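What follows is the content of data13.cif, which has mmCIF, C-alpha atoms and all ligand atoms:
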data_protein
#
loop_
_atom_site.label_atom_id
_atom_site.label_comp_id
_atom_site.auth_asym_id
_atom_site.auth_seq_id
_atom_site.Cartn_x
_atom_site.Cartn_y
_atom_site.Cartn_z
CA VAL A 20 107.70 91.85 98.86
CA SER A 21 108.36 93.19 95.39
CA ILE A 22 111.67 92.73 93.59
CA ARG A 23 113.74 95.83 92.81
CA ARG A 24 116.28 95.86 90.00
CA TRP A 25 119.28 97.93 89.01
CA HIS A 26 121.49 97.58 85.95
CA ALA A 27 125.11 98.62 86.53
CA GLU A 28 127.36 99.57 83.62
CA LEU A 29 130.28 98.23 85.70
CA ALA A 30 130.12 96.61 89.14
CA TRP A 31 132.79 95.29 91.50
CA LEU A 32 131.97 91.66 92.31
CA PRO A 33 134.05 89.20 94.39
CA THR A 34 135.52 87.96 91.09
CA GLY A 35 136.52 91.45 89.92
CA VAL A 36 134.87 94.22 87.93
CA ALA A 37 132.13 92.97 85.59
CA ARG A 38 130.12 94.68 82.84
CA ASP A 39 126.32 95.01 82.48
CA VAL A 40 125.44 93.63 85.90
CA LEU A 41 121.76 93.09 86.68
CA ILE A 42 121.30 93.38 90.43
CA GLU A 43 118.05 92.29 92.09
CA ALA A 44 116.86 92.75 95.66
CA SER A 45 113.89 91.77 97.75
CA GLY A 46 113.40 93.86 100.88
CA ASP A 47 116.81 94.69 102.35
CA ARG A 48 118.76 91.84 100.68
CA PHE A 49 120.16 91.08 97.25
CA THR A 50 118.55 88.06 95.62
CA ALA A 51 120.54 87.85 92.37
CA VAL A 52 123.65 89.45 90.83
CA THR A 53 124.09 88.59 87.13
CA PRO A 54 126.96 89.92 84.99
CA GLU A 55 126.62 90.49 81.25
CA ALA A 56 122.85 90.63 81.45
CA ALA A 57 120.47 92.83 79.48
CA PRO A 58 118.61 95.47 81.48
CA THR A 59 115.03 94.67 82.34
CA PRO A 60 112.48 97.45 81.63
CA ASP A 61 112.04 98.18 85.34
CA ALA A 62 115.78 98.30 86.14
CA ILE A 63 117.28 101.62 87.26
CA ARG A 64 120.35 102.32 85.13
CA LEU A 65 123.58 102.93 87.06
CA PRO A 66 126.21 104.45 84.74
CA GLY A 67 129.74 104.33 86.17
CA LEU A 68 131.27 101.84 88.61
CA THR A 69 129.03 100.39 91.31
CA LEU A 70 130.55 99.20 94.57
CA PRO A 71 128.95 97.57 97.59
CA GLY A 72 128.18 99.90 100.48
CA LEU A 73 131.13 101.65 102.13
CA ALA A 74 131.61 101.30 105.90
CA ASN A 75 132.76 104.06 108.22
CA ALA A 76 134.14 101.94 111.04
CA HIS A 77 135.04 104.76 113.44
CA SER A 78 133.03 107.92 114.06
CA HIS A 79 132.45 110.43 116.83
CA ALA A 80 129.59 112.40 115.28
CA PHE A 81 129.97 115.43 117.53
CA HIS A 82 133.61 116.01 116.58
CA ARG A 83 132.21 117.38 113.30
CA GLY A 84 131.67 120.59 115.28
CA LEU A 85 135.45 121.15 115.19
CA ARG A 86 135.90 120.76 111.42
CA GLY A 87 137.63 123.70 109.84
CA VAL A 88 138.65 125.22 113.17
CA ALA A 89 142.24 126.35 112.86
CA GLY A 90 144.18 125.01 115.80
CA GLY A 91 147.63 125.30 117.27
CA GLY A 92 149.17 123.07 119.89
CA ASP A 93 148.90 119.31 119.59
CA PHE A 94 146.50 116.39 120.04
CA TRP A 95 146.07 117.21 123.72
CA SER A 96 145.12 120.86 123.18
CA TRP A 97 142.68 119.73 120.44
CA ARG A 98 141.20 117.39 123.04
CA THR A 99 140.54 120.34 125.33
CA GLN A 100 138.55 122.03 122.53
CA MET A 101 136.65 118.80 121.97
CA TYR A 102 135.72 118.58 125.65
CA ALA A 103 134.39 122.15 125.54
CA LEU A 104 132.27 121.25 122.52
CA ALA A 105 130.87 118.18 124.29
CA SER A 106 129.83 120.28 127.26
CA ARG A 107 127.68 122.48 124.97
CA LEU A 108 125.67 119.64 123.44
CA THR A 109 122.04 119.04 124.29
CA PRO A 110 120.05 116.01 123.08
CA ASP A 111 118.37 118.19 120.45
CA SER A 112 121.53 119.82 119.12
CA TYR A 113 123.27 116.43 119.20
CA TYR A 114 120.49 114.96 117.05
CA GLU A 115 120.66 117.85 114.54
CA LEU A 116 124.43 117.57 114.31
CA ALA A 117 124.44 113.77 114.02
CA ARG A 118 121.68 113.75 111.39
CA ALA A 119 123.70 116.15 109.23
CA VAL A 120 126.88 114.12 109.75
CA PHE A 121 125.15 110.84 108.90
CA ALA A 122 123.46 112.41 105.87
CA GLU A 123 126.88 113.59 104.68
CA MET A 124 128.03 110.00 105.13
CA ALA A 125 125.18 108.71 102.95
CA LEU A 126 126.16 111.22 100.25
CA ALA A 127 129.69 109.80 100.51
CA GLY A 128 128.45 106.24 99.92
CA ILE A 129 128.69 105.17 103.57
CA THR A 130 125.89 102.73 104.31
CA CYS A 131 126.86 101.84 107.90
CA VAL A 132 128.65 103.79 110.63
CA GLY A 133 130.35 102.64 113.81
CA GLU A 134 129.56 105.39 116.31
CA PHE A 135 132.07 105.25 119.17
CA HIS A 136 129.73 106.81 121.68
CA TYR A 137 130.94 108.16 124.99
CA LEU A 138 128.45 110.92 125.82
CA ASN A 139 126.67 108.58 128.16
CA ASP A 140 123.62 109.12 130.28
CA ALA A 141 121.60 106.66 132.29
CA SER A 142 118.43 107.15 130.24
CA HIS A 143 120.22 106.49 126.92
CA GLU A 144 118.82 109.75 125.59
CA PHE A 145 121.96 110.63 123.62
CA GLY A 146 122.29 107.06 122.36
CA HIS A 147 118.70 106.95 121.15
CA ARG A 148 119.06 110.31 119.43
CA LEU A 149 122.04 108.87 117.54
CA LEU A 150 119.95 105.88 116.45
CA ASP A 151 117.19 108.27 115.31
CA ALA A 152 119.69 110.43 113.44
CA ALA A 153 121.05 107.41 111.55
CA GLN A 154 117.54 106.23 110.72
CA ASP A 155 116.49 109.66 109.46
CA ALA A 156 119.67 109.90 107.35
CA GLY A 157 118.97 106.43 105.92
CA ILE A 158 122.09 104.58 107.12
CA ARG A 159 122.71 101.64 109.45
CA ILE A 160 124.56 102.19 112.72
CA THR A 161 126.51 100.14 115.24
CA LEU A 162 126.36 102.01 118.51
CA LEU A 163 129.64 101.26 120.27
CA ASP A 164 128.73 102.15 123.83
CA THR A 165 131.91 103.18 125.54
CA CYS A 166 133.24 102.46 129.00
CA TYR A 167 135.16 105.54 130.21
CA LEU A 168 136.12 105.61 133.88
CA THR A 169 139.53 107.14 134.58
CA ALA A 170 141.86 109.91 133.43
CA ASP A 171 144.99 107.78 133.17
CA PRO A 172 146.15 104.14 133.54
CA SER A 173 146.87 104.57 137.25
CA GLY A 174 143.17 105.20 137.84
CA ALA A 175 143.26 108.96 138.40
CA PRO A 176 139.67 110.19 138.73
CA LEU A 177 137.94 112.08 135.95
CA SER A 178 137.28 115.77 136.40
CA GLY A 179 135.57 118.63 134.62
CA PRO A 180 134.09 117.85 131.20
CA GLN A 181 135.28 114.23 131.26
CA LEU A 182 132.71 113.54 133.98
CA ARG A 183 130.12 113.65 131.21
CA PHE A 184 131.58 110.46 129.72
CA THR A 185 131.51 108.14 132.72
CA ASP A 186 129.14 105.66 134.31
CA GLY A 187 131.13 105.84 137.55
CA SER A 188 131.91 102.10 137.64
CA VAL A 189 132.14 99.21 135.21
CA ASP A 190 129.17 97.56 136.92
CA ALA A 191 127.09 100.65 136.17
CA TRP A 192 128.33 100.49 132.54
CA VAL A 193 127.23 96.84 132.30
CA ALA A 194 123.84 97.62 133.83
CA ARG A 195 123.28 100.54 131.48
CA VAL A 196 124.43 98.78 128.31
CA SER A 197 122.33 95.75 129.21
CA SER A 198 119.21 97.92 129.46
CA TYR A 199 118.97 99.20 125.86
CA GLY A 200 116.33 96.61 125.01
CA GLN A 201 115.54 95.68 121.43
CA LEU A 202 117.22 97.99 118.93
CA PRO A 203 115.53 98.89 115.63
CA SER A 204 116.53 96.88 112.57
CA HIS A 205 118.94 99.52 111.23
CA ALA A 206 120.95 99.43 114.47
CA ARG A 207 123.23 97.07 116.38
CA LEU A 208 124.87 97.43 119.79
CA GLY A 209 128.58 96.99 120.42
CA ALA A 210 130.98 97.72 123.27
CA ALA A 211 134.00 99.96 123.47
CA ILE A 212 136.88 100.41 125.88
CA HIS A 213 137.76 104.06 125.39
CA SER A 214 141.51 103.45 125.73
CA VAL A 215 144.13 102.09 128.07
CA ARG A 216 143.99 105.50 129.77
CA ALA A 217 140.30 105.47 130.56
CA VAL A 218 139.55 101.94 131.78
CA PRO A 219 141.34 100.07 134.61
CA PHE A 220 142.53 96.54 133.85
CA ASP A 221 139.84 94.66 135.78
CA ALA A 222 137.15 96.76 134.13
CA MET A 223 138.62 96.03 130.67
CA ARG A 224 138.14 92.33 131.38
CA VAL A 225 134.50 92.95 132.33
CA VAL A 226 133.81 94.90 129.12
CA ALA A 227 135.56 92.27 127.01
CA ASP A 228 133.54 89.51 128.71
CA TRP A 229 130.29 91.42 128.15
CA ALA A 230 131.08 91.78 124.43
CA SER A 231 132.03 88.11 124.21
CA ASP A 232 128.82 86.96 125.95
CA ALA A 233 126.76 89.23 123.69
CA ALA A 234 128.71 88.19 120.55
CA ALA A 235 129.00 91.94 119.98
CA PRO A 236 131.83 93.90 118.37
CA LEU A 237 134.39 95.33 120.79
CA HIS A 238 136.33 98.45 119.81
CA ALA A 239 139.08 100.45 121.54
CA HIS A 240 141.41 103.32 120.77
CA LEU A 241 144.95 101.93 120.66
CA SER A 242 148.30 103.72 120.76
CA GLU A 243 147.19 106.85 118.95
CA GLN A 244 149.82 109.00 120.67
CA PRO A 245 153.28 108.19 122.10
CA ALA A 246 152.25 109.66 125.46
CA GLU A 247 149.59 106.96 125.79
CA ASN A 248 152.25 104.27 125.38
CA GLU A 249 154.52 105.99 127.89
CA ALA A 250 151.74 106.14 130.49
CA SER A 251 150.92 102.47 129.92
CA LEU A 252 154.57 101.42 130.22
CA ALA A 253 154.98 103.52 133.37
CA PHE A 254 151.99 101.96 135.13
CA TYR A 255 151.70 98.43 133.68
CA GLY A 256 155.26 97.90 132.42
CA ARG A 257 153.55 96.81 129.20
CA THR A 258 152.38 98.43 125.99
CA PRO A 259 148.66 99.16 125.52
CA THR A 260 148.44 96.24 123.05
CA GLU A 261 149.97 93.86 125.62
CA VAL A 262 147.54 95.13 128.27
CA PHE A 263 144.55 94.63 125.94
CA ALA A 264 145.81 91.15 125.06
CA ASP A 265 146.07 90.22 128.75
CA ALA A 266 142.57 91.61 129.36
CA GLY A 267 141.08 89.37 126.67
CA ALA A 268 140.20 92.35 124.49
CA LEU A 269 141.85 91.14 121.26
CA GLY A 270 140.33 88.67 118.80
CA PRO A 271 138.31 88.31 115.61
CA ARG A 272 135.38 90.36 116.95
CA SER A 273 137.68 93.15 118.16
CA THR A 274 138.78 96.30 116.36
CA MET A 275 141.68 98.45 117.54
CA VAL A 276 141.40 102.00 116.29
CA HIS A 277 144.53 103.86 115.02
CA ALA A 278 147.19 101.28 116.06
CA THR A 279 149.75 103.94 115.22
CA HIS A 280 152.69 103.55 117.61
CA LEU A 281 153.35 99.80 117.87
CA THR A 282 156.24 97.48 118.68
CA PRO A 283 156.96 94.34 116.61
CA MET A 284 155.46 92.32 119.47
CA ASP A 285 152.27 94.46 119.35
CA ILE A 286 151.94 93.80 115.61
CA GLU A 287 152.36 90.07 116.20
CA LEU A 288 149.72 90.05 118.98
CA LEU A 289 147.21 91.96 116.84
CA GLY A 290 147.77 89.90 113.71
CA ALA A 291 147.89 86.48 115.37
CA SER A 292 144.68 87.15 117.29
CA GLY A 293 142.81 88.15 114.12
CA THR A 294 142.09 91.62 115.51
CA THR A 295 140.95 94.18 112.94
CA CYS A 296 142.79 97.51 112.92
CA CYS A 297 140.78 100.57 111.94
CA ILE A 298 142.96 103.21 110.34
CA CYS A 299 141.68 106.81 110.24
CA PRO A 300 144.23 108.50 107.94
CA SER A 301 142.68 111.97 107.62
CA THR A 302 142.16 112.34 111.36
CA GLU A 303 145.59 110.92 112.13
CA ALA A 304 147.02 113.56 109.81
CA ASP A 305 144.80 116.34 111.16
CA LEU A 306 145.80 115.60 114.75
CA GLY A 307 149.45 114.91 114.02
CA ASP A 308 149.24 111.36 115.35
CA GLY A 309 151.76 109.76 113.02
CA ILE A 310 151.72 106.97 110.41
CA GLY A 311 151.07 103.46 111.73
CA PRO A 312 152.54 100.18 110.43
CA ALA A 313 149.50 99.27 108.32
CA VAL A 314 151.40 97.04 105.89
CA ALA A 315 153.02 95.08 108.71
CA LEU A 316 149.65 94.69 110.46
CA SER A 317 148.04 93.39 107.29
CA SER A 318 150.91 90.99 106.64
CA ALA A 319 150.69 89.75 110.25
CA GLY A 320 147.03 88.81 109.80
CA SER A 321 144.98 91.85 110.83
CA ALA A 322 142.13 92.92 108.57
CA LEU A 323 142.13 96.70 108.03
CA SER A 324 139.05 98.91 108.14
CA LEU A 325 138.71 102.68 107.68
CA GLY A 326 137.11 105.47 109.70
CA SER A 327 136.58 109.20 109.39
CA ASP A 328 136.81 109.50 113.21
CA SER A 329 136.82 113.26 113.91
CA HIS A 330 135.27 114.10 110.50
CA ALA A 331 137.93 116.53 109.36
CA MET A 332 136.45 115.12 106.16
CA ILE A 333 133.90 112.40 105.41
CA ASP A 334 135.14 110.51 102.38
CA ILE A 335 135.97 106.81 102.69
CA LEU A 336 137.32 106.62 99.11
CA THR A 337 139.86 109.27 100.05
CA GLU A 338 140.61 107.55 103.37
CA ALA A 339 141.44 104.39 101.39
CA ARG A 340 143.73 106.39 99.11
CA LEU A 341 145.41 108.09 102.10
CA LEU A 342 146.01 104.69 103.69
CA GLU A 343 148.07 103.80 100.63
CA TRP A 344 149.67 107.23 100.23
CA PHE A 345 150.81 107.46 103.86
CA GLN A 346 152.47 104.05 103.52
CA ARG A 347 154.25 105.44 100.44
CA LEU A 348 155.45 108.38 102.52
CA ALA A 349 156.62 106.08 105.28
CA THR A 350 158.23 103.34 103.14
CA GLY A 351 159.30 104.97 99.87
CA ARG A 352 157.39 102.28 97.96
CA ARG A 353 154.28 102.64 95.76
CA GLY A 354 151.36 100.29 95.48
CA VAL A 355 151.85 98.51 98.80
CA PHE A 356 148.07 98.04 98.94
CA SER A 357 146.33 96.98 95.73
CA PRO A 358 143.08 98.71 94.72
CA TYR A 359 141.42 95.42 95.62
CA ALA A 360 142.84 95.44 99.18
CA LEU A 361 141.87 99.10 99.66
CA THR A 362 138.32 98.41 98.47
CA VAL A 363 137.99 95.44 100.84
CA ALA A 364 139.06 97.73 103.71
CA ALA A 365 136.42 100.29 102.66
CA THR A 366 133.64 97.71 102.31
CA SER A 367 133.40 94.14 103.66
CA ALA A 368 136.16 94.44 106.29
CA GLY A 369 134.56 97.59 107.68
CA HIS A 370 131.06 96.13 107.86
CA ALA A 371 132.40 92.95 109.48
CA SER A 372 134.23 94.99 112.14
CA LEU A 373 130.88 96.62 112.98
CA GLY A 374 129.08 93.30 113.41
CA TRP A 375 127.42 93.21 109.96
CA PRO A 376 129.23 90.29 108.28
CA ASN A 377 126.57 90.05 105.54
CA ALA A 378 127.25 93.50 104.14
CA GLY A 379 129.83 95.01 101.81
CA ARG A 380 129.60 92.45 98.99
CA LEU A 381 127.56 92.38 95.80
CA THR A 382 126.36 88.80 96.35
CA PRO A 383 122.94 87.22 96.90
CA SER A 384 121.75 87.42 100.55
CA SER A 385 124.04 90.38 101.36
CA HIS A 386 122.53 93.69 102.52
CA ALA A 387 121.23 95.49 99.42
CA ASP A 388 123.67 98.41 99.49
CA LEU A 389 124.94 99.99 96.25
CA VAL A 390 127.29 102.92 95.70
CA THR A 391 127.70 104.19 92.14
CA ILE A 392 130.66 106.39 91.25
CA SER A 393 130.58 108.38 88.03
CA LEU A 394 133.50 107.70 85.67
CA THR A 395 132.87 110.90 83.68
CA THR A 396 133.69 113.63 86.21
CA PRO A 397 136.79 115.85 86.00
CA ARG A 398 138.52 113.53 88.47
CA THR A 399 137.53 110.19 86.98
CA THR A 400 137.41 110.67 83.19
CA PRO A 401 140.19 108.69 81.51
CA PRO A 402 142.67 110.78 79.51
CA PRO A 403 142.04 110.99 75.73
CA ILE A 404 145.20 109.06 74.84
CA PRO A 405 145.70 105.34 74.34
CA SER A 406 146.52 103.56 77.58
CA ALA A 407 150.02 102.18 77.97
CA PRO A 408 150.60 98.45 77.65
CA ARG A 409 149.76 96.77 80.94
CA THR A 410 152.78 95.90 82.99
CA PRO A 411 152.61 93.20 85.62
CA PRO A 412 152.19 94.77 89.07
CA VAL A 413 155.15 94.73 91.40
CA PRO A 414 154.58 92.00 94.01
CA SER A 415 152.89 93.45 97.07
CA PRO A 416 153.30 92.23 100.65
CA VAL A 417 149.52 92.46 101.04
CA PRO A 418 147.39 89.63 99.66
CA SER A 419 145.55 90.38 96.40
CA PRO A 420 143.55 88.26 94.01
CA PRO A 421 145.37 86.90 90.94
CA ALA A 422 146.17 89.00 87.85
CA SER A 423 143.45 91.58 87.43
CA ALA A 424 141.16 91.72 84.43
CA PRO A 425 141.24 94.83 82.20
CA LEU A 426 137.97 96.10 83.70
CA ASP A 427 139.68 96.32 87.08
CA GLU A 428 141.37 99.45 85.74
CA ALA A 429 138.09 101.21 86.57
CA LEU A 430 138.43 100.12 90.21
CA ALA A 431 141.96 101.51 90.36
CA ARG A 432 140.76 104.80 88.88
CA VAL A 433 138.06 105.10 91.53
CA VAL A 434 140.23 104.17 94.50
CA LEU A 435 143.18 106.28 93.35
CA ALA A 436 141.30 109.32 91.97
CA ALA A 437 137.60 109.57 92.89
CA THR A 438 136.21 111.42 95.87
CA ALA A 439 132.86 111.51 97.63
CA ALA A 440 131.86 114.26 95.18
CA ASP A 441 131.86 111.68 92.35
CA ILE A 442 129.25 109.47 94.03
CA ARG A 443 125.91 109.68 92.23
CA HIS A 444 123.61 106.97 93.59
CA VAL A 445 123.44 105.24 96.95
CA VAL A 446 121.07 102.42 97.85
CA ILE A 447 120.91 101.26 101.46
CA ASP A 448 119.01 98.11 102.43
CA GLY A 449 117.15 98.20 99.14
CA ARG A 450 116.07 101.83 99.45
CA ASP A 451 117.29 104.70 97.28
CA VAL A 452 118.86 107.21 99.67
CA VAL A 453 120.97 109.30 97.25
CA ARG A 454 120.02 109.93 93.64
CA ASP A 455 122.04 112.10 91.24
CA GLY A 456 124.18 113.27 94.16
CA ARG A 457 121.21 114.51 96.21
CA HIS A 458 120.06 113.12 99.54
CA LEU A 459 116.43 112.08 99.00
CA LEU A 460 115.47 111.98 102.70
CA ILE A 461 117.04 115.32 103.73
CA PRO A 462 116.86 117.57 100.67
CA ASP A 463 117.63 120.70 102.69
CA LEU A 464 120.92 119.27 103.94
CA PRO A 465 123.23 122.27 103.35
CA GLY A 466 120.87 124.45 105.38
CA VAL A 467 120.79 122.20 108.40
CA ARG A 468 121.79 124.30 111.39
CA PHE A 469 123.32 122.90 114.52
CA LEU A 470 125.10 124.06 117.66
ZN ZN A 501 138.19 108.04 117.97
#

Can you give me the file's structure in the form of C-alpha cells?
Amino acid sequence: VSIRRWHAELAWLPTGVARDVLIEASGDRFTAVTPEAAPTPDAIRLPGLTLPGLANAHSHAFHRGLRGVAGGGDFWSWRTQMYALASRLTPDSYYELARAVFAEMALAGITCVGEFHYLNDASHEFGHRLLDAAQDAGIRITLLDTCYLTADPSGAPLSGPQLRFTDGSVDAWVARVSSYGQLPSHARLGAAIHSVRAVPFDAMRVVADWASDAAAPLHAHLSEQPAENEASLAFYGRTPTEVFADAGALGPRSTMVHATHLTPMDIELLGASGTTCCICPSTEADLGDGIGPAVALSSAGSALSLGSDSHAMIDILTEARLLEWFQRLATGRRGVFSPYALTVAATSAGHASLGWPNAGRLTPSSHADLVTISLTTPRTTPPPIPSAPRTPPVPSPVPSPPASAPLDEALARVVLAATAADIRHVVIDGRDVVRDGRHLLIPDLPGVRFL
C-alpha cells in the first residue's frame, strides 16, 4: 500500500495546535504525524487549520425532509408531520435522501455518522440502503438499529404510522438485528432503545444485554420533553434515567441523546456510570425542547458528543458553538466549555460513542480522517488590528488542558466563528472526499432530487 502525505499549515494535535505538520497515511490509517516538518514534494498542501474528522453522533437521515418547513404547535405536532413523511418513503427515495444528507455531512467535515434507524423491515432493505448511501457519500456509519415496540411506558400498542417502526416483539428485534451478517468495512452495527416510551422495561434489559454481548454501542433518546418524564413517573414512579439505570442501559458504551430535563440524581447516575450524553443543540432549539444541564453532566463524568439529529442544519462546528452558547443563555456565564472541550465533543468523543475509538485524533494508527478549515474566509479572517494581550482564562468547571499555546487561538477562532461553509478539504479513511469545498464523489449534489 502506498503512503499518502499531507502538509498542514496548522493542525490540532493532542498536545495543541502545531505548525507545519506533515501527516502520513497508509491505507485507512495514519502512520506518522510530525510537527514543524518541511513539506515533501508529494504532500498535498492544506492551508488553514486541520482537525481530525468530525463525528455526527445522532442522525435520523429522513428527518431532512422536514427542513425549512414552517411549523406551528410543538414537538408533538412536529412528530405527526415526521410520521407522515416516514409513511411516504420507499427504499429508493430513502436512499436518494440519505445519500444527499450524508454527502452534505461530508461537506461539513463529518467523517462518521450514527444513524438512529427505526424504519425497520425484516429484510433489512432500508438498513442496507443507508449503508449504501453512506458508502456512496464517502463516510463511515454506525447503524443504530432501534427497538420500538410501544406508544407509551404503560405498553399501549402502536397504531397508524408508528407500526412501520416495530418488530412486534423484542425477540423479533433480536432475531432481526442478529441476522445482518458481516457489514462492510465502512459500517458498524449498534443497538438503540428508542425511548422510555417505546420499549417496555423487560425488553430494555434484552436490548442492553444484546449490546453488551456484542460489545456494540447502545443509544437511547432520554428526557427530551417534560411529557416523557411525566409519563415515566406516572407508570414507573421513576425518571427515565432511573429506569434506564435499572435496566442496565447506562455505562461507558452507552450514549443518551438529548438528556435535557434531568434531576440531580439523573445527572449523578449518568456521570458516575460513564455514560456519554449526545447533545443536539440546533434540533433541541428547533423543536423547543429546552436547554439541558450539559456543564453539570460533564462535571459529573459524562463525555459529551454532538448530533445534528433532525438536520434542521448539518454543521457540527456550529453545534459545538451552540452547546457553549446555550449554556451561556442558561447560566449567564461565558466560556463554560473551552474550545478544546468543544473540539473533543465534536471529534474523539463522538467517534468513541459510535464504537470507533480509534478515530477523531491526529495520531499514528488512528483512522486517516482530516478536516481543513480555511482561516481566510469572511468569518474566519482575523481582524487587521493587533491582538490584545492574552489574559488568563477564567477557570472553567469543565476539564481543559493546561495553559494554551498562542497557536490555539486558531482553534478558538474556528470553534467560535467558523461554519461548515469554511471547510475546504475532507479526507476520510485516507481518501479525498471533499476538495476545495466540492464533493468529489457526488459532484451534482445540489441537483439531487428526492421525495
Ligand atoms: Zn433523535

Exercise for review: Write out as a count of residues only the residues lying within 6 Å of stretch 207-223 of chain A, counting only C-alpha atoms and excluding same-chain residues fewer than 4 positions away.
Suggested key: 20

Review point. A:Leu116, A:Ala291, A:Leu306, A:Val276: which is nearest ligand ZN 501 (chain A), counting all atoms listed in the file?
Key: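 Closest candidate: A:Val276.
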
Review point. How would you write, as a list in words, the set of residues no farther than 7 Å from ligand ZN 501 (chain A) when counting all atoms listed in the file?
Key: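 Checking all atoms listed in the file against ligand ZN 501 (chain A) at 7 Å gives His77, Ser78, His79, Phe135, His240, Asp328 and Ser329 of chain A.
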
**Study point:** Point-to-point distance from atom CA of A:Ala56 to atom CA of A:Thr69, Å rounded to tenths
**Key:**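 So the answer is 15.2 Å.
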
Identify, on the basis of all atoms listed in the file, every residue whose closest approach to A:Cys296 does not exceed 7 Å; exclude the query and any residue fewer than 3 positions from it along the same chain; express the result as an mmCIF file with C-alpha atoms, in the coordinates of the input.
data_model
loop_
_atom_site.group_PDB
_atom_site.id
_atom_site.type_symbol
_atom_site.label_atom_id
_atom_site.label_comp_id
_atom_site.auth_asym_id
_atom_site.auth_seq_id
_atom_site.Cartn_x
_atom_site.Cartn_y
_atom_site.Cartn_z
ATOM 1 C CA THR A 274 138.780 96.300 116.360
ATOM 2 C CA MET A 275 141.680 98.450 117.540
ATOM 3 C CA VAL A 276 141.400 102.000 116.290
ATOM 4 C CA HIS A 277 144.530 103.860 115.020
ATOM 5 C CA ALA A 278 147.190 101.280 116.060
ATOM 6 C CA SER A 321 144.980 91.850 110.830
ATOM 7 C CA ALA A 322 142.130 92.920 108.570
ATOM 8 C CA LEU A 323 142.130 96.700 108.030
ATOM 9 C CA SER A 324 139.050 98.910 108.140
#

Between stretch 157-199 of chain A and stretch 442-455 of chain A, at 12 Å or less, what are the per-residue closest atom pairs and their distances in Å? Count only C-alpha atoms, order by chain and rising residue number, and return it as a Markdown table.
| residue | atom | partner | partner_atom | distance |
| --- | --- | --- | --- | --- |
| A:Gly157 | CA | A:Val452 | CA | 6.3 |
| A:Ile158 | CA | A:Ile447 | CA | 6.7 |
| A:Arg159 | CA | A:Ile447 | CA | 8.2 |
| A:Ile160 | CA | A:Ile447 | CA | 11.9 |

Practice item. Go ahead and compute the interatomic distance for atom CA of A:Ala127 and atom CA of A:Ser327, in Å to one decimal. Key: 11.3 Å

Practice item. For A:Ala378, please output as an NGL selection string all residues within 9 Å (counting all atoms listed in the file; exclusion window: fewer than 4 positions along the same chain). Key: :A and (71-72 or 366-367 or 370-371 or 384-388)

Review point. Which residue gives the smallest distance to A:Ile22 among A:Ala246, A:Ile333, A:Leu288, A:Ala62, with all atoms listed in the file counted?
Key: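 Of all the options, A:Ala62 lies closest to A:Ile22.
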
Check your understanding: For A:Ala105, which residue out of A:Leu41, A:Val225, A:Leu85, A:Ala407 is the nearest one, using all atoms listed in the file?
Key ->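 Closest to A:Ala105 of all the choices is A:Leu85.
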
Per-axis box centre and lengths in Å around stretch 83-94 of chain A, 6 Å margin per side, axis-aligned, as JSON:
{"center_x": 140.4, "center_y": 121.4, "center_z": 114.9, "size_x": 29.5, "size_y": 22.0, "size_z": 22.2}

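Among the candidates A:Arg107, A:Arg24, A:His205, A:Arg195, the residue lying nearest to A:Leu150 is A:His205 (atoms considered: all atoms listed in the file).
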
Check your understanding: Rounded to one decimal in Å, what is the spacing between atom CA of A:Ile63 and atom CA of A:Leu426?
Key -> 21.7 Å

Study note, to complete from the structure: Of A:Val226, A:Ala349, A:Val36, A:Leu73, the one nearest to A:Ala364 when counting all atoms listed in the file is A:Leu73
